[in-house]
>>> print(open('start_31.csv').read())   # CSV, C-alpha atoms
chain,number,residue,atom,x,y,z
A,173,MET,CA,226.5,405.4,128.3
A,174,ARG,CA,222.8,405.2,128.0
A,175,VAL,CA,220.8,404.8,124.8
A,176,ASP,CA,219.2,408.1,123.7
A,177,HIS,CA,217.5,407.1,120.5
A,178,ILE,CA,217.7,404.7,117.6
A,179,GLU,CA,217.5,405.1,113.8
A,180,VAL,CA,216.8,402.4,111.3
A,181,ILE,CA,217.2,403.0,107.5
A,182,PRO,CA,216.2,400.3,105.0
A,183,LEU,CA,218.2,400.3,101.7
A,184,ASP,CA,217.7,398.4,98.4
A,185,MET,CA,219.9,398.4,95.4
A,186,GLN,CA,218.9,396.7,92.2
A,187,LEU,CA,221.6,394.5,90.7
A,188,GLY,CA,222.7,394.7,87.1
A,189,GLU,CA,222.0,391.0,86.5
A,190,VAL,CA,220.3,388.1,88.1
A,191,PHE,CA,222.5,385.6,90.0
A,192,LYS,CA,221.3,381.9,90.1
A,193,GLY,CA,222.3,379.5,92.9
A,194,GLY,CA,221.2,376.0,93.6
A,195,THR,CA,217.6,376.8,94.8
A,196,TYR,CA,217.2,380.6,94.4
A,197,GLN,CA,218.1,383.7,92.5
A,198,VAL,CA,219.1,387.2,93.5
A,199,ALA,CA,218.2,390.4,91.7
A,200,SER,CA,218.7,393.1,94.4
A,201,ARG,CA,220.8,393.9,97.4
A,202,PRO,CA,218.7,395.1,100.3
A,203,THR,CA,220.1,395.8,103.8
A,204,LEU,CA,219.3,397.8,107.0
A,205,VAL,CA,221.5,400.6,108.4
A,206,THR,CA,221.1,400.8,112.2
A,207,ARG,CA,222.3,403.6,114.4
A,208,VAL,CA,222.2,403.6,118.2
A,209,TYR,CA,222.8,407.1,119.6
A,210,LEU,CA,224.1,407.3,123.2
A,211,GLU,CA,223.5,410.3,125.5
A,212,ASN,CA,227.3,411.0,125.6
A,213,GLY,CA,227.3,411.6,121.8
A,214,ILE,CA,228.7,408.2,120.7
A,215,VAL,CA,226.9,406.7,117.7
A,216,GLY,CA,227.0,402.9,117.1
A,217,GLU,CA,226.4,402.2,113.4
A,218,THR,CA,226.4,399.3,111.1
A,219,TYR,CA,224.5,397.6,108.3
A,220,GLY,CA,223.5,394.0,107.6
A,221,GLY,CA,220.9,391.6,106.4
A,222,ASP,CA,219.6,391.0,102.9
A,223,GLU,CA,215.9,390.4,103.6
A,224,PHE,CA,213.5,391.9,101.0
A,225,HIS,CA,210.3,390.0,101.6
A,226,THR,CA,209.7,391.4,105.1
A,227,GLN,CA,212.0,394.3,105.3
A,228,LYS,CA,209.2,396.7,106.3
A,229,GLU,CA,208.1,394.4,109.0
A,230,ILE,CA,211.6,394.1,110.5
A,231,VAL,CA,212.0,397.9,110.5
A,232,ALA,CA,208.6,398.3,112.2
A,233,VAL,CA,209.6,395.8,115.0
A,234,MET,CA,212.9,397.7,115.5
A,235,ARG,CA,211.3,401.1,115.6
A,236,ASP,CA,208.1,400.4,117.4
A,237,HIS,CA,208.8,397.6,119.8
A,238,LEU,CA,212.5,397.1,120.4
A,239,ALA,CA,213.7,400.7,120.5
A,240,PRO,CA,211.5,401.6,123.4
A,241,VAL,CA,213.0,398.7,125.4
A,242,LEU,CA,216.5,400.0,124.8
A,243,VAL,CA,216.1,403.8,125.2
A,244,GLY,CA,217.4,404.9,128.6
A,245,GLN,CA,219.4,401.7,129.2
A,246,ASP,CA,223.1,401.3,129.8
A,247,VAL,CA,224.6,400.0,126.5
A,248,ARG,CA,227.3,398.1,128.4
A,249,ASP,CA,224.7,395.6,129.7
A,250,PHE,CA,224.7,393.5,126.6
A,251,GLN,CA,223.4,390.3,128.1
A,252,ARG,CA,220.5,392.0,129.9
A,253,LEU,CA,219.6,394.1,126.9
A,254,TRP,CA,219.7,391.0,124.6
A,255,GLU,CA,217.4,389.1,126.9
A,256,SER,CA,214.9,392.0,127.2
A,257,MET,CA,214.6,392.1,123.4
A,258,PHE,CA,214.4,388.3,122.9
A,259,HIS,CA,211.6,387.9,125.5
A,260,ILE,CA,209.6,390.9,124.4
A,261,ASP,CA,205.9,390.3,124.1
A,262,VAL,CA,205.0,391.4,120.6
A,263,ASP,CA,202.3,389.8,118.4
A,264,LEU,CA,203.7,389.1,114.9
A,265,GLY,CA,200.9,386.8,114.0
A,266,ASN,CA,202.0,383.8,116.0
A,267,ARG,CA,199.6,380.8,115.7
A,268,GLY,CA,201.2,378.2,118.0
A,269,LEU,CA,202.3,376.1,115.0
A,270,HIS,CA,206.0,375.6,115.0
A,271,GLN,CA,206.9,375.7,111.3
A,272,LEU,CA,204.5,378.5,110.4
A,273,ASP,CA,205.6,380.6,113.3
A,274,MET,CA,209.3,380.4,112.3
A,275,HIS,CA,208.6,383.2,109.8
A,276,PRO,CA,207.4,385.9,112.3
A,277,ARG,CA,210.1,384.8,114.7
A,278,GLY,CA,212.6,385.3,112.0
A,279,ILE,CA,211.4,388.9,111.7
A,280,LEU,CA,212.0,389.4,115.4
A,281,MET,CA,215.5,387.8,115.4
A,282,GLN,CA,216.6,389.9,112.4
A,283,ALA,CA,215.4,393.0,114.3
A,284,ILE,CA,217.3,392.0,117.4
A,285,SER,CA,220.4,391.4,115.2
A,286,GLY,CA,220.6,394.8,113.7
A,287,LEU,CA,220.3,396.5,117.1
A,288,ASP,CA,222.7,394.2,118.9
A,289,ASN,CA,225.3,394.6,116.2
A,290,ALA,CA,225.0,398.4,116.3
A,291,MET,CA,225.3,398.4,120.1
A,292,TRP,CA,228.5,396.4,119.8
A,293,ASP,CA,229.9,399.1,117.6
A,294,ALA,CA,228.9,401.7,120.3
A,295,ARG,CA,230.6,399.6,123.0
A,296,GLY,CA,233.8,399.5,121.1
A,297,LYS,CA,233.7,403.2,120.6
A,298,LEU,CA,232.9,403.6,124.3
A,299,TYR,CA,235.9,401.5,125.4
A,300,GLY,CA,238.2,402.7,122.6
A,301,ALA,CA,238.8,399.3,121.2
A,302,PRO,CA,237.8,397.3,118.1
A,303,VAL,CA,235.1,394.8,118.6
A,304,TYR,CA,237.3,391.7,118.0
A,305,LYS,CA,239.5,392.8,120.9
A,306,LEU,CA,236.5,393.0,123.2
A,307,LEU,CA,235.5,389.5,122.1
A,308,GLY,CA,239.0,387.9,122.6
A,309,GLY,CA,241.4,389.1,120.0
A,310,VAL,CA,242.9,386.0,118.4
A,311,ARG,CA,244.4,387.5,115.2
A,312,GLU,CA,244.6,390.8,113.3
A,313,ARG,CA,243.9,389.4,109.8
A,314,VAL,CA,241.7,386.5,108.6
A,315,PRO,CA,241.8,384.5,105.4
A,316,VAL,CA,239.2,385.5,102.8
A,317,ILE,CA,237.2,383.5,100.3
A,318,SER,CA,234.7,384.5,97.6
A,319,ILE,CA,231.2,383.3,97.2
A,320,GLY,CA,230.7,382.6,93.5
A,321,GLY,CA,230.2,379.8,91.0
A,322,TYR,CA,226.7,381.1,90.1
A,323,TYR,CA,225.3,379.4,87.0
A,324,PRO,CA,226.0,381.1,83.7
A,325,LYS,CA,223.2,382.4,81.5
A,326,ASP,CA,221.6,380.0,79.1
A,327,GLY,CA,224.0,379.0,76.4
A,328,GLY,CA,227.1,379.7,78.5
A,329,ASP,CA,229.8,377.1,79.0
A,330,PRO,CA,229.6,376.1,82.7
A,331,LEU,CA,233.1,374.7,82.8
A,332,LYS,CA,234.7,377.7,81.2
A,333,ALA,CA,232.6,380.0,83.4
A,334,ILE,CA,233.9,378.5,86.6
A,335,ALA,CA,237.5,378.4,85.4
A,336,ASP,CA,237.3,382.0,84.5
A,337,GLU,CA,235.8,382.9,87.8
A,338,VAL,CA,238.5,381.1,89.8
A,339,ARG,CA,241.1,383.2,88.0
A,340,SER,CA,239.2,386.4,88.8
A,341,VAL,CA,238.8,385.3,92.5
A,342,ARG,CA,242.6,384.8,92.7
A,343,ASP,CA,243.1,388.2,91.1
A,344,ALA,CA,240.8,389.8,93.7
A,345,GLY,CA,243.1,388.6,96.5
A,346,CYS,CA,241.0,385.6,97.8
A,347,ILE,CA,242.5,382.3,98.7
A,348,GLY,CA,239.5,380.3,97.6
A,349,ILE,CA,235.9,380.1,96.4
A,350,LYS,CA,232.6,378.8,97.7
A,351,MET,CA,230.9,377.7,94.6
A,352,LYS,CA,227.2,377.0,93.9
A,353,VAL,CA,226.0,373.5,93.1
A,354,GLY,CA,222.6,371.9,93.2
A,355,ARG,CA,220.9,373.4,90.1
A,356,ALA,CA,222.5,371.3,87.4
A,357,SER,CA,222.7,367.5,87.3
A,358,LEU,CA,225.1,365.8,89.8
A,359,GLU,CA,227.4,364.8,86.9
A,360,GLN,CA,227.6,368.4,85.5
A,361,ASP,CA,228.1,369.9,89.0
A,362,LEU,CA,230.9,367.4,89.6
A,363,GLU,CA,232.6,368.5,86.4
A,364,ARG,CA,232.3,372.1,87.4
A,365,VAL,CA,234.1,371.4,90.7
A,366,ARG,CA,236.7,369.4,88.8
A,367,ALA,CA,237.2,372.4,86.5
A,368,ALA,CA,237.6,374.7,89.5
A,369,ARG,CA,240.2,372.5,91.1
A,370,LYS,CA,242.1,372.2,87.8
A,371,GLU,CA,242.2,376.0,87.4
A,372,GLY,CA,242.8,376.8,91.1
A,373,GLY,CA,245.6,374.3,91.8
A,374,LYS,CA,246.1,372.2,94.9
A,375,ASP,CA,246.5,375.1,97.3
A,376,PHE,CA,243.3,376.9,96.3
A,377,VAL,CA,240.4,376.5,98.8
A,378,ILE,CA,237.2,375.1,97.2
A,379,ALA,CA,234.0,374.7,99.1
A,380,VAL,CA,230.6,373.8,97.6
A,381,ASP,CA,227.2,375.1,98.5
A,382,ALA,CA,224.0,373.4,97.4
A,383,ASN,CA,221.6,375.8,99.2
A,384,GLN,CA,219.5,372.8,100.5
A,385,GLY,CA,219.1,371.5,97.0
A,386,TRP,CA,219.3,367.7,97.3
A,387,ASP,CA,217.7,364.8,99.1
A,388,PRO,CA,220.1,363.0,101.4
A,389,LEU,CA,220.9,360.1,99.0
A,390,ASP,CA,221.9,362.5,96.1
A,391,ALA,CA,224.0,364.5,98.6
A,392,VAL,CA,225.8,361.2,99.5
A,393,LYS,CA,226.3,360.4,95.8
A,394,PHE,CA,227.8,363.8,95.1
A,395,CYS,CA,230.1,363.8,98.1
A,396,VAL,CA,231.3,360.3,97.5
A,397,ALA,CA,232.0,361.2,93.9
A,398,MET,CA,234.0,364.3,94.9
A,399,GLU,CA,236.1,362.1,97.3
A,400,ARG,CA,236.8,359.5,94.6
A,401,ALA,CA,237.9,362.2,92.3
A,402,GLN,CA,240.2,363.6,95.0
A,403,LEU,CA,239.0,367.1,94.6
A,404,ASP,CA,240.0,368.1,98.1
A,405,VAL,CA,236.8,370.0,98.9
A,406,ARG,CA,237.0,372.0,102.2
A,407,TRP,CA,233.4,371.6,103.0
A,408,MET,CA,229.9,370.6,101.7
A,409,GLU,CA,227.5,373.4,102.6
A,410,GLU,CA,223.7,373.2,103.1
A,411,PRO,CA,223.5,369.9,101.1
A,412,VAL,CA,220.0,368.6,102.0
A,413,LYS,CA,216.5,370.0,101.7
A,414,TRP,CA,214.9,372.1,104.4
A,415,TYR,CA,212.6,369.3,105.7
A,416,ASP,CA,215.4,366.8,106.4
A,417,GLN,CA,218.0,369.0,108.1
A,418,THR,CA,219.0,366.8,111.1
A,419,ASP,CA,218.5,363.1,110.1
A,420,GLY,CA,219.5,363.9,106.5
A,421,LEU,CA,222.7,365.7,107.5
A,422,ARG,CA,223.6,362.9,110.0
A,423,LEU,CA,223.1,360.3,107.2
A,424,LEU,CA,225.4,362.2,104.9
A,425,ALA,CA,228.0,362.7,107.7
A,426,SER,CA,228.2,359.0,108.2
A,427,LYS,CA,229.0,358.4,104.5
A,428,THR,CA,231.6,361.0,103.7
A,429,SER,CA,234.7,362.5,105.3
A,430,ILE,CA,234.1,365.9,103.7
A,431,PRO,CA,233.1,368.3,106.5
A,432,ILE,CA,229.4,369.2,106.6
A,433,ASN,CA,228.6,372.9,106.9
A,434,ALA,CA,225.1,374.2,107.9
A,435,GLY,CA,223.4,376.9,109.9
A,436,GLN,CA,223.2,380.0,107.8
A,437,GLY,CA,219.4,380.0,108.0
A,438,GLU,CA,219.1,379.2,111.7
A,439,ILE,CA,217.8,382.0,113.9
A,440,THR,CA,218.7,380.7,117.4
A,441,GLY,CA,221.6,379.1,119.1
A,442,ARG,CA,219.3,376.3,120.2
A,443,ALA,CA,218.8,375.3,116.5
A,444,CYS,CA,222.6,375.3,116.1
A,445,ARG,CA,222.8,373.0,119.1
A,446,ASP,CA,220.5,370.6,117.3
A,447,LEU,CA,222.5,370.7,114.1
A,448,ILE,CA,225.6,369.6,116.1
A,449,ASP,CA,223.9,367.1,118.4
A,450,LYS,CA,221.4,365.6,115.9
A,451,GLY,CA,222.8,366.5,112.5
A,452,GLY,CA,226.4,365.8,113.1
A,453,VAL,CA,227.6,368.9,111.3
A,454,ASN,CA,231.3,369.8,111.5
A,455,ILE,CA,231.0,373.6,110.7
A,456,LEU,CA,228.4,376.2,111.6
A,457,ASN,CA,228.1,379.1,109.2
A,458,LEU,CA,225.8,381.1,111.4
A,459,ASP,CA,224.9,384.7,110.3
A,460,CYS,CA,224.9,387.3,113.0
A,461,THR,CA,222.5,389.5,111.0
A,462,LEU,CA,219.9,386.7,111.3
A,463,CYS,CA,220.5,384.8,114.6
A,464,GLY,CA,220.4,387.7,117.1
A,465,GLY,CA,223.6,389.5,116.5
A,466,VAL,CA,227.1,389.3,117.8
A,467,THR,CA,225.9,388.4,121.3
A,468,GLU,CA,224.1,385.2,120.2
A,469,TRP,CA,226.8,384.3,117.6
A,470,GLN,CA,229.5,384.4,120.3
A,471,ARG,CA,227.4,382.1,122.5
A,472,VAL,CA,227.1,379.6,119.7
A,473,ALA,CA,230.8,379.9,119.0
A,474,GLY,CA,231.6,379.0,122.6
A,475,MET,CA,229.4,376.0,122.5
A,476,ALA,CA,230.8,374.9,119.1
A,477,LYS,CA,234.4,375.0,120.4
A,478,LEU,CA,233.6,372.7,123.3
A,479,MET,CA,232.0,370.3,120.8
A,480,ASN,CA,234.9,370.4,118.3
A,481,VAL,CA,232.9,372.2,115.7
A,482,GLU,CA,234.4,374.9,113.6
A,483,MET,CA,232.8,378.3,113.0
A,484,ALA,CA,232.2,380.1,109.7
A,485,HIS,CA,230.0,383.1,108.9
A,486,HIS,CA,227.5,383.6,106.1
A,487,GLU,CA,228.5,386.8,104.1
A,488,GLU,CA,228.3,390.2,105.9
A,489,PRO,CA,232.1,390.7,106.2
A,490,GLN,CA,231.7,394.2,107.9
A,491,VAL,CA,230.8,392.4,111.1
A,492,ALA,CA,232.0,388.8,110.4
A,493,VAL,CA,235.7,389.9,110.2
A,494,HIS,CA,235.6,390.7,113.9
A,495,LEU,CA,233.9,387.4,114.8
A,496,ILE,CA,236.3,385.3,112.8
A,497,ALA,CA,239.3,387.2,114.2
A,498,ALA,CA,238.1,386.7,117.8
A,499,ASN,CA,237.7,382.9,117.7
A,500,PRO,CA,240.6,380.4,117.2
A,501,HIS,CA,238.2,377.8,115.7
A,502,ALA,CA,236.8,380.2,113.1
A,503,LEU,CA,237.6,379.8,109.4
A,504,PHE,CA,237.2,382.3,106.6
A,505,VAL,CA,235.5,385.6,106.0
A,506,GLU,CA,233.3,385.6,102.9
A,507,ILE,CA,233.0,388.3,100.2
A,508,PHE,CA,231.6,388.5,96.7
A,509,ALA,CA,234.7,389.1,94.6
A,510,ASN,CA,232.3,389.8,91.7
A,511,ARG,CA,231.4,393.4,92.6
A,512,LYS,CA,228.2,393.2,90.6
A,513,ARG,CA,226.8,390.6,93.1
A,514,ASP,CA,227.2,392.8,96.2
A,515,PRO,CA,228.0,396.4,95.1
A,516,LEU,CA,227.0,397.8,98.5
A,517,LEU,CA,230.2,396.2,100.0
A,518,TRP,CA,232.3,398.3,97.7
A,519,GLU,CA,230.2,401.5,97.8
A,520,LEU,CA,228.7,401.8,101.3
A,521,PRO,CA,231.7,401.5,103.6
A,522,GLU,CA,234.7,403.9,103.5
A,523,GLY,CA,238.0,402.1,103.0
A,524,PHE,CA,236.7,398.6,103.7
A,525,PRO,CA,237.4,395.9,103.0
A,526,ASP,CA,241.2,395.9,103.1
A,527,ILE,CA,242.4,392.7,101.5
A,528,ARG,CA,246.1,391.8,101.1
A,529,ASP,CA,247.7,388.6,100.0
A,530,GLY,CA,244.6,386.4,100.6
A,531,TYR,CA,243.8,388.0,104.0
A,532,MET,CA,241.3,390.6,105.2
A,533,GLN,CA,242.8,393.1,107.7
A,534,VAL,CA,240.6,393.6,110.8
A,535,PRO,CA,239.8,397.2,111.2
A,536,GLN,CA,241.7,398.7,114.2
A,537,SER,CA,239.5,401.7,114.9
A,538,PRO,CA,237.1,401.5,117.9
A,539,GLY,CA,234.0,399.5,117.4
A,540,LEU,CA,233.5,397.7,114.1
A,541,GLY,CA,235.8,400.3,112.5
A,542,VAL,CA,233.6,400.7,109.3
A,543,ARG,CA,232.4,404.2,108.5
A,544,LEU,CA,229.4,404.3,106.2
A,545,ARG,CA,229.0,406.9,103.4
A,546,PRO,CA,225.9,409.0,104.1
A,547,GLU,CA,225.5,409.9,100.4
A,548,VAL,CA,225.2,406.2,99.5
A,549,ILE,CA,222.7,405.7,102.3
A,550,GLU,CA,220.6,408.5,100.9
A,551,ARG,CA,220.8,407.2,97.4
A,552,PHE,CA,219.5,403.8,98.1
A,553,ARG,CA,217.2,404.3,101.1
A,554,CYS,CA,213.7,403.0,100.4
A,555,ASP,CA,211.6,404.4,103.2
A,556,ARG,CA,210.7,407.7,101.7
>>> encode(input="start_31.csv", output="structure tokens")
Amino acid sequence: MRVDHIEVIPLDMQLGEVFKGGTYQVASRPTLVTRVYLENGIVGETYGGDEFHTQKEIVAVMRDHLAPVLVGQDVRDFQRLWESMFHIDVDLGNRGLHQLDMHPRGILMQAISGLDNAMWDARGKLYGAPVYKLLGGVRERVPVISIGGYYPKDGGDPLKAIADEVRSVRDAGCIGIKMKVGRASLEQDLERVRAARKEGGKDFVIAVDANQGWDPLDAVKFCVAMERAQLDVRWMEEPVKWYDQTDGLRLLASKTSIPINAGQGEITGRACRDLIDKGGVNILNLDCTLCGGVTEWQRVAGMAKLMNVEMAHHEEPQVAVHLIAANPHALFVEIFANRKRDPLLWELPEGFPDIRDGYMQVPQSPGLGVRLRPEVIERFRCDR
């Protein structure tokens, strides 16, 4: 039951096209494969994260600093092991300046996340149960939506593009779409949401994501306009700019009845506490590949339930499906129905995801239940 050794493999896959959201664009799909080998022969394995700026630094922290802390330890002691990683004394260039130091601390939290998630896979295999059962086991399938609504290339009709995508998302077995807004004018984005609702029909789930694209007053204008148009938006995600996350979110929450969703970029449960307490958010879409893994995500989920806040998860369905299935106040698992946006999801795991009639089936094998194809790992590894 003790950790024997640890392996970390960075991957990077170039995408066939560039995808443009509200405040960013994506041209590749990086990730980290993490394996935790136990002395009894069990191997905990998973992948996650999409960091490319500091991928090498994250790998170095995992290999050089965190692995020595875990080797020889009992993998069952997840609280103790998490605390030992979180409180490790490692110099990542900290300067004692809060905003500047968030970057190196983000490196540490992503390193912890990969190892914590892989150890949960090992625990499931050790106990002979899927992870969602170890966490509470609320349901065996979860509703699935697609992230999409990226802006078309110059010259493309944005209304036709979103209508066509809604049809393709339905065809892929998803019950809804989380579409990008924030790059075009408020008026054009409103028409794009209107086109999505017209094509999707009244039962189709539509959420909108601005990727921190607006100042609070523009966010208010947009949400009020969507309400007046009766577009029945499930949530407004990451609406305000990075420097106004708490007061700006609270202002918006006071002006609209559309649920406010935030938290995908937060790296601690304490930051999520502040989003609820000071920002008035209704939904936390925390990412367990960023915030410290399954262990910290579950802590936040417990806090959120007591504060009447729903839980979502940012991407990474290979782990998120267990978290959503284990919590009664969790919402949807997210995928990219457009396989060009996240080809690793469809190439790296064996037989996952299993989507039927709008729901993703939770893997029933011990651990996370997702086997990774070694030939795909070798093809896209970038540490040679």
>>> closest_residue(input="start_31.csv", among="A:Leu478, A:Leu424, A:Ala199, A:Val303", to="A:Met291", atoms="only C-alpha atoms")
A:Val303
>>> closest_residue(input="start_31.csv", among="A:Gly385, A:Gly268, A:Gly194, A:Pro538", to="A:Arg355", atoms="all atoms listed in the file")
A:Gly194
>>> residues_around(input="start_31.csv", residues="stretch 334-345 of chain A", least_positions_apart="6", cutoff="10 Å", atoms="all atoms listed in the file", output="JSON, numbers by chain")
{"A": [315, 316, 317, 318, 319, 320, 321, 322, 323, 324, 351, 364, 365, 366, 367, 368, 369, 370, 371, 372, 376, 378, 508, 509, 510, 527, 528, 529, 530, 531, 532]}
>>> atom_distance(input="start_31.csv", atom1="atom CA of A:Val412", atom2="atom CA of A:Asp381")
10.3 Å
>>> atom_distance(input="start_31.csv", atom1="atom CA of A:His237", atom2="atom CA of A:Pro182")
16.8 Å
>>> atom_distance(input="start_31.csv", atom1="atom CA of A:Leu389", atom2="atom CA of A:Cys444")
22.9 Å
>>> residues_around(input="start_31.csv", residues="stretch 483-498 of chain A", least_positions_apart="2", cutoff="9 Å", atoms="all atoms listed in the file", output="PyMOL selection string")
chain A and resi 218-221+289+302-314+319+433+435-436+454-461+466+469-470+472-473+476-477+481+500-508+517+521+524-525+532-535+540-542
>>> closest_atom_pairs(input="start_31.csv", of="stretch 446-510 of chain A", to="stretch 419-422 of chain A", cutoff="10 Å", atoms="only C-alpha atoms", output="Markdown table")
| residue | atom | partner | partner_atom | distance |
| --- | --- | --- | --- | --- |
| A:Leu447 | CA | A:Leu421 | CA | 8.3 |
| A:Ile448 | CA | A:Arg422 | CA | 9.3 |
| A:Asp449 | CA | A:Arg422 | CA | 9.4 |
| A:Lys450 | CA | A:Arg422 | CA | 6.9 |
| A:Gly451 | CA | A:Arg422 | CA | 4.5 |
| A:Gly452 | CA | A:Arg422 | CA | 5.1 |
| A:Val453 | CA | A:Leu421 | CA | 7.0 |
>>> closest_residue(input="start_31.csv", among="A:Ala397, A:Ile279, A:Val233, A:Leu298", to="A:Val247", atoms="all atoms listed in the file")
A:Leu298
>>> residues_around(input="start_31.csv", residues="A:Met281", least_positions_apart="2", cutoff="6 Å", atoms="all atoms listed in the file", output="NGL selection string")
:A and (278-279 or 283-284 or 463-464)
>>> closest_residue(input="start_31.csv", among="A:Asp273, A:Asp446, A:Glu468, A:Glu482", to="A:Trp407", atoms="all atoms listed in the file")
A:Glu482
>>> closest_residue(input="start_31.csv", among="A:Gly437, A:Gly265, A:Gly193, A:Gly286", to="A:Trp414", atoms="only C-alpha atoms")
A:Gly437
>>> residues_around(input="start_31.csv", residues="A:Val377", least_positions_apart="4", cutoff="7 Å", atoms="only C-alpha atoms", output="list in words")
Ile347, Gly348, Ile349 and Arg406 of chain A
>>> closest_residue(input="start_31.csv", among="A:Leu210, A:Met274, A:Cys395, A:Leu238", to="A:His259", atoms="all atoms listed in the file")
A:Leu238
